[in-house]
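K.L.:
Just target.cif, nothing more (mmCIF, C-alpha atoms):
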```cif
data_work
loop_
_atom_site.label_atom_id
_atom_site.label_comp_id
_atom_site.auth_asym_id
_atom_site.auth_seq_id
_atom_site.Cartn_x
_atom_site.Cartn_y
_atom_site.Cartn_z
CA MET A 1 62.95 55.04 106.65
CA ARG A 2 65.40 56.48 109.20
CA LYS A 3 68.10 56.60 106.51
CA LYS A 4 65.75 58.56 104.25
CA LYS A 5 65.00 61.10 107.02
CA TRP A 6 68.69 61.61 107.75
CA SER A 7 69.35 62.10 104.03
CA ILE A 8 66.69 64.79 103.85
CA LEU A 9 68.10 66.48 106.96
CA LEU A 10 71.63 66.39 105.53
CA ILE A 11 70.44 67.93 102.27
CA GLY A 12 68.74 70.71 104.27
CA ILE A 13 71.89 71.39 106.30
CA LEU A 14 74.06 71.50 103.18
CA THR A 15 71.59 73.81 101.45
CA LEU A 16 71.54 76.17 104.43
CA SER A 17 75.32 76.08 104.63
CA THR A 18 75.52 77.07 100.98
CA ILE A 19 73.16 79.98 101.59
CA LEU A 20 75.09 81.14 104.65
CA ALA A 21 78.38 80.85 102.82
CA ALA A 22 77.01 82.97 100.00
CA CYS A 23 75.64 85.63 102.35
CA GLY A 24 78.22 85.60 105.06
CA GLY A 25 81.87 86.42 105.35
CA ASN A 26 84.01 88.49 107.68
CA GLY A 27 83.68 91.62 105.53
CA GLU A 28 87.42 91.76 104.77
CA SER A 29 88.77 91.49 101.23
CA LYS A 30 92.00 89.69 100.49
CA ASP A 31 94.01 92.93 100.56
CA GLY A 32 92.69 93.89 104.00
CA LYS A 33 90.18 96.46 102.81
CA LYS A 34 86.70 96.67 104.31
CA GLU A 35 84.31 94.87 101.99
CA VAL A 36 80.77 96.18 101.59
CA THR A 37 78.33 93.81 99.94
CA VAL A 38 75.48 95.36 97.98
CA TRP A 39 72.43 93.55 96.66
CA ALA A 40 70.90 95.44 93.75
CA MET A 41 68.02 94.31 91.58
CA GLY A 42 67.51 93.83 87.88
CA GLU A 43 69.34 95.94 85.31
CA GLU A 44 70.26 98.45 88.01
CA GLY A 45 72.34 95.78 89.70
CA LYS A 46 74.30 95.12 86.55
CA LYS A 47 74.95 98.80 85.91
CA LEU A 48 75.76 99.64 89.53
CA LYS A 49 79.07 97.81 89.38
CA GLY A 50 80.60 100.56 87.28
CA MET A 51 79.49 103.21 89.77
CA ALA A 52 80.88 101.13 92.63
CA GLU A 53 84.29 101.14 90.97
CA LYS A 54 84.28 104.94 90.91
CA PHE A 55 83.40 104.96 94.62
CA GLU A 56 86.34 102.68 95.31
CA GLU A 57 88.67 105.10 93.54
CA GLU A 58 87.69 107.77 96.05
CA ASN A 59 87.68 105.39 99.02
CA LYS A 60 90.86 103.33 98.79
CA ASP A 61 90.14 101.44 102.04
CA ILE A 62 86.76 100.08 100.89
CA THR A 63 85.87 97.38 98.38
CA VAL A 64 82.29 97.21 97.12
CA LYS A 65 80.98 93.85 96.01
CA VAL A 66 77.78 94.28 94.01
CA GLN A 67 75.55 91.27 93.46
CA ALA A 68 72.93 91.76 90.76
CA ILE A 69 69.74 89.87 91.61
CA PRO A 70 66.86 89.35 89.17
CA TRP A 71 63.66 90.99 90.39
CA ALA A 72 61.83 87.68 90.01
CA SER A 73 63.95 85.98 92.69
CA ALA A 74 64.83 89.01 94.82
CA HIS A 75 61.94 88.75 97.27
CA ASP A 76 62.61 85.12 98.14
CA LYS A 77 66.33 85.78 98.47
CA LEU A 78 65.66 88.62 100.89
CA LEU A 79 63.32 86.42 102.94
CA THR A 80 66.08 83.81 103.19
CA ALA A 81 68.53 86.49 104.32
CA VAL A 82 66.12 87.69 107.01
CA ALA A 83 65.57 84.14 108.28
CA SER A 84 69.27 83.33 108.38
CA GLY A 85 70.42 86.72 109.63
CA ASN A 86 73.04 86.75 106.89
CA GLY A 87 72.19 89.46 104.43
CA PRO A 88 74.21 92.05 102.56
CA ASP A 89 75.46 95.29 104.04
CA VAL A 90 73.43 97.43 101.65
CA VAL A 91 70.21 96.33 99.96
CA GLN A 92 68.10 97.94 97.27
CA LEU A 93 64.38 97.73 98.00
CA GLY A 94 61.38 98.63 95.89
CA THR A 95 59.17 101.09 97.74
CA THR A 96 56.30 98.62 98.23
CA TRP A 97 58.63 96.09 99.91
CA ILE A 98 59.82 98.44 102.62
CA PRO A 99 57.01 97.84 105.17
CA GLU A 100 57.39 94.07 105.00
CA PHE A 101 61.13 93.99 105.65
CA ALA A 102 61.11 96.90 108.07
CA ASP A 103 58.41 95.17 110.10
CA ALA A 104 60.58 92.03 110.17
CA GLY A 105 63.39 94.06 111.74
CA ALA A 106 65.70 93.47 108.78
CA LEU A 107 66.58 97.13 108.20
CA LEU A 108 68.83 99.31 110.35
CA ASP A 109 67.31 102.46 111.84
CA LEU A 110 69.42 105.31 110.43
CA THR A 111 68.03 108.01 112.73
CA SER A 112 71.17 108.20 114.87
CA HIS A 113 73.32 108.70 111.76
CA LEU A 114 71.48 111.72 110.36
CA ASP A 115 73.77 114.24 112.06
CA ASP A 116 76.77 112.67 110.33
CA TYR A 117 74.90 112.36 107.04
CA PRO A 118 72.57 115.39 106.82
CA GLU A 119 71.96 114.64 103.14
CA PHE A 120 69.85 111.70 104.30
CA LYS A 121 67.32 113.98 106.00
CA SER A 122 63.83 113.99 104.52
CA GLU A 123 63.89 117.67 103.49
CA ASN A 124 66.34 116.74 100.74
CA TYR A 125 63.66 114.67 99.00
CA PHE A 126 60.20 115.22 97.56
CA ALA A 127 57.42 114.81 100.11
CA GLY A 128 56.06 111.63 98.52
CA SER A 129 59.54 110.14 98.37
CA ALA A 130 60.21 111.07 102.00
CA GLN A 131 57.20 108.91 102.96
CA THR A 132 59.07 105.84 101.75
CA MET A 133 61.99 106.51 104.10
CA LYS A 134 60.20 105.88 107.36
CA TYR A 135 58.45 103.03 109.11
CA ASP A 136 57.16 103.26 112.68
CA ASP A 137 59.11 106.49 113.25
CA GLN A 138 62.36 104.89 112.13
CA VAL A 139 64.40 106.03 109.14
CA ILE A 140 65.01 102.75 107.37
CA GLY A 141 65.94 103.80 103.85
CA VAL A 142 67.34 106.56 101.67
CA PRO A 143 65.67 107.20 98.28
CA TRP A 144 68.07 106.24 95.50
CA TYR A 145 66.09 106.79 92.32
CA ILE A 146 62.42 107.62 91.93
CA ASP A 147 59.63 107.58 89.40
CA THR A 148 56.09 108.79 89.07
CA ARG A 149 53.26 108.51 86.54
CA VAL A 150 52.22 111.25 84.13
CA LEU A 151 49.93 111.50 81.12
CA TYR A 152 51.42 110.68 77.71
CA TYR A 153 49.40 112.09 74.83
CA ARG A 154 49.44 112.66 71.08
CA THR A 155 49.48 116.43 70.67
CA ASP A 156 48.36 116.26 67.02
CA LEU A 157 45.35 114.03 67.70
CA LEU A 158 44.28 116.00 70.77
CA LYS A 159 44.37 119.17 68.67
CA GLU A 160 42.07 117.56 66.11
CA VAL A 161 39.39 117.10 68.79
CA GLY A 162 39.73 120.61 70.18
CA TYR A 163 42.52 120.37 72.75
CA ASP A 164 45.56 122.56 72.17
CA GLN A 165 46.89 121.41 75.54
CA ALA A 166 46.62 118.26 77.59
CA PRO A 167 43.41 117.79 79.61
CA SER A 168 44.01 119.26 83.06
CA THR A 169 40.92 118.07 84.97
CA TRP A 170 38.92 114.87 85.32
CA ASP A 171 36.10 116.39 83.26
CA GLU A 172 38.48 117.38 80.49
CA LEU A 173 40.16 113.96 80.52
CA LYS A 174 36.81 112.23 80.10
CA ASP A 175 35.67 114.67 77.42
CA ALA A 176 38.89 114.41 75.42
CA ALA A 177 38.89 110.61 75.72
CA GLU A 178 35.27 110.42 74.53
CA LYS A 179 36.03 112.58 71.50
CA LEU A 180 39.13 110.57 70.63
CA ASN A 181 37.14 107.37 71.06
CA ALA A 182 34.49 108.65 68.64
CA ARG A 183 36.96 108.85 65.74
CA GLY A 184 35.95 105.41 64.53
CA ASP A 185 35.92 101.69 65.24
CA ASP A 186 38.87 99.93 66.87
CA VAL A 187 40.31 103.13 68.35
CA TYR A 188 40.18 104.27 71.94
CA GLY A 189 40.43 107.47 73.93
CA LEU A 190 42.58 106.51 76.91
CA ASP A 191 44.54 103.35 77.64
CA ILE A 192 44.48 102.26 81.29
CA ASP A 193 46.56 99.23 82.22
CA ARG A 194 44.23 97.14 84.40
CA ASN A 195 47.22 95.15 85.66
CA ASP A 196 48.83 98.30 87.04
CA GLN A 197 47.96 98.14 90.72
CA ILE A 198 48.69 101.79 91.47
CA THR A 199 46.43 103.58 88.95
CA PRO A 200 43.16 103.12 90.90
CA TYR A 201 44.89 104.46 94.03
CA ILE A 202 46.08 107.48 92.03
CA PHE A 203 42.49 108.28 91.07
CA ALA A 204 41.44 107.83 94.71
CA TRP A 205 44.14 110.21 95.97
CA GLN A 206 43.10 112.76 93.35
CA ASN A 207 39.57 112.52 94.70
CA GLY A 208 40.67 113.36 98.25
CA TYR A 209 41.06 109.83 99.61
CA GLU A 210 43.50 109.29 102.47
CA PHE A 211 44.35 105.83 103.76
CA GLU A 212 43.43 105.73 107.44
CA SER A 213 45.33 102.86 109.07
CA LYS A 214 45.72 99.10 109.06
CA ASP A 215 43.51 98.99 112.16
CA LYS A 216 40.62 100.47 110.20
CA MET A 217 40.51 99.89 106.48
CA ASN A 218 38.59 102.71 104.80
CA PHE A 219 38.48 101.61 101.18
CA GLU A 220 34.68 101.82 101.39
CA SER A 221 34.84 105.59 101.90
CA PRO A 222 32.82 107.82 99.50
CA GLU A 223 36.05 109.31 98.09
CA PHE A 224 37.44 105.88 97.24
CA LYS A 225 34.22 104.52 95.74
CA GLU A 226 33.64 107.62 93.62
CA ALA A 227 37.16 107.36 92.24
CA ILE A 228 36.72 103.71 91.32
CA LYS A 229 33.44 104.53 89.57
CA TYR A 230 35.24 107.16 87.51
CA TYR A 231 38.06 104.70 86.77
CA ALA A 232 35.61 101.95 85.79
CA SER A 233 33.53 104.23 83.56
CA PHE A 234 36.30 104.36 80.96
CA PHE A 235 36.01 100.59 80.51
CA GLN A 236 32.24 100.41 80.85
CA GLU A 237 31.76 103.05 78.16
CA GLY A 238 34.27 101.48 75.77
CA ILE A 239 36.65 104.43 76.00
CA SER A 240 39.42 102.17 77.33
CA PRO A 241 40.04 98.60 76.13
CA THR A 242 39.45 95.71 78.51
CA THR A 243 42.03 93.58 76.69
CA GLU A 244 45.72 94.36 76.24
CA GLY A 245 45.68 94.12 72.46
CA ILE A 246 48.63 95.54 70.53
CA ASP A 247 51.81 96.87 72.07
CA ILE A 248 51.29 100.29 73.67
CA VAL A 249 54.07 101.98 71.66
CA GLN A 250 52.69 100.66 68.37
CA ALA A 251 49.15 101.62 69.43
CA PHE A 252 50.37 105.09 70.41
CA LYS A 253 52.14 105.45 67.08
CA ASP A 254 49.07 104.30 65.12
CA GLY A 255 46.75 106.56 67.11
CA VAL A 256 44.77 103.61 68.43
CA LYS A 257 45.65 104.56 72.00
CA PRO A 258 46.41 108.29 71.91
CA MET A 259 46.62 108.79 75.68
CA PHE A 260 48.00 106.62 78.48
CA PHE A 261 49.65 106.87 81.90
CA SER A 262 53.25 105.77 82.41
CA GLY A 263 56.60 106.54 83.98
CA PRO A 264 59.85 108.13 82.75
CA TRP A 265 61.20 104.93 81.21
CA MET A 266 58.68 105.31 78.39
CA ILE A 267 60.36 108.44 77.00
CA ASN A 268 63.35 106.59 75.57
CA ILE A 269 61.19 103.67 74.46
CA ILE A 270 58.98 105.93 72.35
CA ASN A 271 61.94 107.84 70.95
CA ASP A 272 63.69 104.59 70.01
CA GLN A 273 60.72 102.61 68.71
CA ALA A 274 58.60 105.38 67.21
CA PRO A 275 60.99 108.07 65.88
CA ASP A 276 58.35 109.15 63.34
CA LEU A 277 56.32 110.58 66.24
CA LYS A 278 58.88 113.32 66.88
CA ASP A 279 57.05 116.58 67.73
CA LYS A 280 53.70 114.77 67.75
CA TRP A 281 53.56 113.78 71.41
CA ALA A 282 54.22 115.18 74.85
CA VAL A 283 53.70 114.48 78.54
CA ALA A 284 51.67 116.37 81.13
CA VAL A 285 51.04 116.25 84.85
CA MET A 286 48.05 114.24 85.97
CA PRO A 287 44.56 115.71 85.43
CA LYS A 288 43.07 117.16 88.60
CA LYS A 289 39.96 116.46 90.66
CA GLU A 290 40.60 117.68 94.20
CA THR A 291 44.34 117.35 93.50
CA ASN A 292 46.49 116.10 90.62
CA THR A 293 48.34 113.61 92.85
CA SER A 294 50.33 110.79 91.30
CA SER A 295 52.24 107.88 92.79
CA ILE A 296 55.84 107.77 93.95
CA GLY A 297 57.90 104.75 93.07
CA GLY A 298 61.50 103.77 92.61
CA SER A 299 63.98 102.24 95.05
CA VAL A 300 65.68 103.01 98.33
CA PHE A 301 69.01 101.94 99.73
CA SER A 302 68.81 100.38 103.18
CA VAL A 303 71.43 98.95 105.52
CA PHE A 304 70.87 95.39 106.69
CA HIS A 305 70.23 95.34 110.43
CA ASN A 306 73.31 93.34 111.44
CA SER A 307 75.84 94.77 109.01
CA GLU A 308 79.36 94.81 110.43
CA HIS A 309 80.31 97.74 108.20
CA VAL A 310 77.69 100.37 108.85
CA ASP A 311 80.00 103.37 108.39
CA GLU A 312 81.35 102.06 105.10
CA SER A 313 77.82 101.24 103.93
CA LEU A 314 76.62 104.75 104.73
CA LYS A 315 79.57 106.23 102.86
CA PHE A 316 78.57 104.24 99.78
CA ILE A 317 74.91 105.30 100.03
CA SER A 318 75.99 108.90 100.56
CA TYR A 319 78.17 108.76 97.46
CA MET A 320 75.32 107.34 95.36
CA ASN A 321 73.04 110.13 96.57
CA GLU A 322 75.35 113.03 95.74
CA VAL A 323 73.75 115.24 93.10
CA ASP A 324 76.63 114.75 90.65
CA THR A 325 76.47 110.98 91.10
CA GLN A 326 72.72 110.94 90.64
CA MET A 327 73.02 112.93 87.42
CA GLU A 328 75.62 110.46 86.19
CA TRP A 329 73.33 107.59 87.18
CA LEU A 330 70.57 109.24 85.13
CA ASP A 331 72.82 108.96 82.07
CA VAL A 332 73.70 105.37 82.87
CA SER A 333 70.30 104.00 83.81
CA ASN A 334 67.66 106.47 82.60
CA THR A 335 66.19 106.63 86.12
CA LEU A 336 65.26 109.86 87.85
CA PRO A 337 67.30 111.32 90.73
CA SER A 338 65.74 111.42 94.18
CA ARG A 339 67.49 114.56 95.46
CA VAL A 340 65.39 117.71 95.02
CA ASP A 341 68.55 119.72 94.31
CA ALA A 342 69.27 117.56 91.27
CA TRP A 343 66.13 118.90 89.61
CA GLU A 344 67.74 122.33 89.40
CA GLU A 345 70.29 120.90 86.97
CA PRO A 346 69.72 122.18 83.38
CA LYS A 347 69.46 118.66 81.98
CA LEU A 348 66.29 118.13 84.01
CA LYS A 349 64.95 121.63 84.47
CA GLU A 350 65.17 122.62 80.81
CA ASP A 351 64.10 119.35 79.22
CA PRO A 352 60.47 119.68 78.01
CA LEU A 353 59.66 116.08 78.98
CA LEU A 354 61.73 115.41 82.09
CA SER A 355 60.79 118.76 83.63
CA VAL A 356 57.15 117.62 83.65
CA PHE A 357 58.15 114.70 85.84
CA GLY A 358 59.87 117.16 88.16
CA LYS A 359 56.65 119.15 88.39
CA GLN A 360 54.60 116.01 89.07
CA LEU A 361 57.01 114.88 91.78
CA GLU A 362 55.92 117.89 93.81
CA ASN A 363 52.57 116.15 94.33
CA THR A 364 52.90 112.42 94.89
CA LYS A 365 51.96 109.83 97.48
CA ALA A 366 53.44 106.50 98.47
CA SER A 367 51.36 103.34 98.69
CA PRO A 368 49.97 102.51 102.17
CA LYS A 369 52.81 101.51 104.48
CA ILE A 370 51.50 98.16 105.64
CA LYS A 371 53.40 94.92 105.24
CA GLU A 372 50.35 93.17 103.79
CA PHE A 373 49.98 95.70 100.96
CA GLU A 374 51.09 93.31 98.19
CA LYS A 375 48.57 90.68 99.26
CA ILE A 376 45.81 93.27 99.61
CA THR A 377 46.62 94.59 96.15
CA GLN A 378 46.12 91.16 94.58
CA GLU A 379 42.62 91.12 96.07
CA PHE A 380 42.09 94.64 94.77
CA LEU A 381 43.10 93.73 91.22
CA ALA A 382 40.66 90.82 91.32
CA SER A 383 37.90 93.23 92.39
CA ILE A 384 38.85 95.66 89.64
CA GLU A 385 38.58 92.89 87.04
CA ARG A 386 35.14 91.88 88.31
CA ILE A 387 34.04 95.50 88.02
CA THR A 388 35.57 96.45 84.67
CA VAL A 389 35.19 93.16 82.83
CA GLY A 390 32.52 91.30 84.78
CA GLY A 391 30.20 94.26 85.30
CA ALA A 392 30.06 93.89 89.10
CA ASP A 393 28.49 96.69 91.13
CA VAL A 394 31.19 99.06 92.38
CA ASP A 395 29.63 99.75 95.79
CA SER A 396 29.12 96.11 96.73
CA GLU A 397 32.43 94.96 95.24
CA ILE A 398 34.45 97.62 97.07
CA GLU A 399 32.70 96.85 100.35
CA LYS A 400 33.63 93.18 99.92
CA PHE A 401 37.21 94.18 99.12
CA ASN A 402 37.41 96.40 102.19
CA LYS A 403 36.23 93.54 104.38
CA LYS A 404 38.74 91.16 102.81
CA ALA A 405 41.56 93.69 103.31
CA GLN A 406 40.64 93.98 106.98
CA GLU A 407 40.74 90.18 107.33
CA ILE A 408 44.18 90.06 105.71
CA VAL A 409 45.75 92.50 108.19
CA GLU A 410 44.06 90.82 111.13
#
```
Go ahead and express the file in the form of structure tokens.

P.N.:
Amino acid sequence: MRKKKWSILLIGILTLSTILAACGGNGESKDGKKEVTVWAMGEEGKKLKGMAEKFEEENKDITVKVQAIPWASAHDKLLTAVASGNGPDVVQLGTTWIPEFADAGALLDLTSHLDDYPEFKSENYFAGSAQTMKYDDQVIGVPWYIDTRVLYYRTDLLKEVGYDQAPSTWDELKDAAEKLNARGDDVYGLDIDRNDQITPYIFAWQNGYEFESKDKMNFESPEFKEAIKYYASFFQEGISPTTEGIDIVQAFKDGVKPMFFSGPWMINIINDQAPDLKDKWAVAVMPKKETNTSSIGGSVFSVFHNSEHVDESLKFISYMNEVDTQMEWLDVSNTLPSRVDAWEEPKLKEDPLLSVFGKQLENTKASPKIKEFEKITQEFLASIERITVGGADVDSEIEKFNKKAQEIVE
């Protein structure tokens, strides 16, 4: 029995040693250069290596080691790094992860470095994006690339039901969707992805809802409930499907789902997979109730709290956030630049599709900055399903959700 326990302990020590060896190091490359380690997620991580090489050409004394991490394993890997204290120098974080890792003390406060790097100051970014930079009055990240949601719509089909332009208000959205839905069986007016956690919040923000604080959850507010009732009505009235059904691009092409909400990545997907739709579709800013607010997403670059190469890390982040670099990154990755100045570039300003995203970015909000947000959202999605599919009463279901959210943060 004792031998078995010691074997388990030895395995644990060896496993931890492997993790520390992978994360650690003295930060010096073999040729004596300062080595900056960067953890980047998904496809961005793979593509970032090429950009890092260009940075190295301009900074001969710095080597950048990029490790591409699949999104599926990134969260656990970051948790391990926090626990061991051996993380990268620079880390890419999705905007909804920032509160969790900032609260854990894993991210360096960049406030004292803003004088040396004025391009990191919040006025260089859209207001919604600037919200993602801070946590408890600390600047813990710099927006790298961003995204937001807009309305995709079939211009030809909207025109057939009396709309020469995209619906611009909640009333018009509902009216247009009803008319499109009435075209026949097995077609819909508006596709809403029920698995997309941010869409109900977008409707709430448009209806004047403001998240109060983690000390007092206010999801039961009239503004929030009214927005969820509007959201749910599309499903309850059969205007939006309650099942995923066919692929959204195919459904858009066939006219089955002539309107939907999505981000900038969908532009190239539609162009590539549905070239026959050329000149038959467009994008528009979100329809308005009190506001036409949409969400802000994307990623930030943060410096790990105990990095031994802070200056070199900041130089790399600064390089990646130069307008010219961001425009090059747009070509490489098809992700939108975070710097406001970049949106004055002709490629963005004069593009009929991308310029709409620039307009929408002027009115966005970030998800509530609480570390428990991901867990709360899972409860929220369960409530949404009970409402839209199960027919649960919105008022009572949202009150239960608000109570559960309060219990989670407590």

K.L.:
As JSON, please: the centre and edge lengths in Å, to one decimal, of an axis-aligned box enclosing every listed atom of range 340-344 of chain A with 3 Å added on each side.

P.N.:
```
{"center_x": 67.3, "center_y": 119.9, "center_z": 92.2, "size_x": 9.9, "size_y": 10.8, "size_z": 11.6}
```

K.L.:
So what do you get for CA of Asn195 in chain A versus CA of Thr243 in chain A, distance-wise?

P.N.:
10.5 Å

K.L.:
Return as a ChimeraX atom specification the set of residues that the PyMOL selection byres ((chain A and resi 324-334) around 9) yields on the displayed structure.

P.N.:
/A:43-44,47-48,51,144-145,264-265,268,319-323,335-339,342,345,347

K.L.:
With distances taken over only C-alpha atoms, which of A:Ser240, A:Ser355, A:Asn218, A:Asn402 is nearest to Gly189 in chain A?

P.N.:
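Among the listed residues, A:Ser240 lies closest to Gly189 in chain A.
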
K.L.:
Between CA of Pro143 in chain A and CA of Trp97 in chain A, what is the spacing in Å?

P.N.:
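Taking CA of Trp97 in chain A as the start and CA of Pro143 in chain A as the end point, the length is 13.3 Å.
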
K.L.:
The PyMOL selection byres ((chain A and resi 379-383) around 12) on the file shown: which residues, as a ChimeraX atom specification?

P.N.:
/A:193-201,219,228,232,372-378,384-408

K.L.:
Spell out the residues picked by the PyMOL selection byres ((chain A and resi 159-171) around 7) here, as a PyMOL selection string.

P.N.:
chain A and resi 155-158+172-175+179-180+284+287-289

K.L.:
Pick the closest to Asn207 in chain A from A:Tyr117, A:Glu290, A:Gly45, A:Tyr153: which is it, counting only C-alpha atoms?

P.N.:
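Using only C-alpha atoms, Asn207 in chain A sits closest to A:Glu290.
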
K.L.:
Can you tell me, as a list in words, what residues are no more than 12 Å from Pro70 in chain A when counting only C-alpha atoms, ignoring any on the same chain fewer than 3 positions away?

P.N.:
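Final neighbour list, sorted by chain and number: Trp39, Ala40, Met41, Gly42, Glu43, Glu44, Gly45, Lys46, Gln67, Ser73, Ala74, His75, Asp76, Lys77, Leu78 and Gln92 of chain A.
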
K.L.:
For CA of Thr293 in chain A and CA of Val142 in chain A, determine how far apart the two atoms are, in Å to one decimal place.

P.N.:
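For CA of Thr293 in chain A relative to CA of Val142 in chain A, the distance reads 22.1 Å.
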
K.L.:
Select, from A:Asp136, A:Glu344, A:Asp272, A:Asp147, the residue with the minimum atom-to-atom distance to Gly105 in chain A, counting all atoms listed in the file.

P.N.:
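Checking each candidate against Gly105 in chain A, we get A:Asp136 as the closest.
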
K.L.:
Measuring between all atoms listed in the file, which one of A:Glu350, A:Ser213, A:Gln131, A:Gln250 shows the shortest distance to Val300 in chain A?

P.N.:
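Checking each candidate against Val300 in chain A, we get A:Gln131 as the closest.
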
K.L.:
Choose the residue, out of A:Met259, A:Ile239, A:Lys65, A:Gly87, that has the smallest atom-to-atom separation from Lys33 in chain A; count only C-alpha atoms.

P.N.:
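Closest to Lys33 in chain A, using only C-alpha atoms: A:Lys65.
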
K.L.:
Calculated over only C-alpha atoms, which of the candidates A:Phe203, A:Leu151, A:Ile267, A:Asn124 has the smallest distance to Lys225 in chain A?

P.N.:
A:Phe203

K.L.:
Ile62 in chain A: which residues within 9 Å, counting all atoms listed in the file, same-chain residues fewer than 4 positions away excluded, as a PyMOL selection string?

P.N.:
chain A and resi 29+33-36+55-56+312
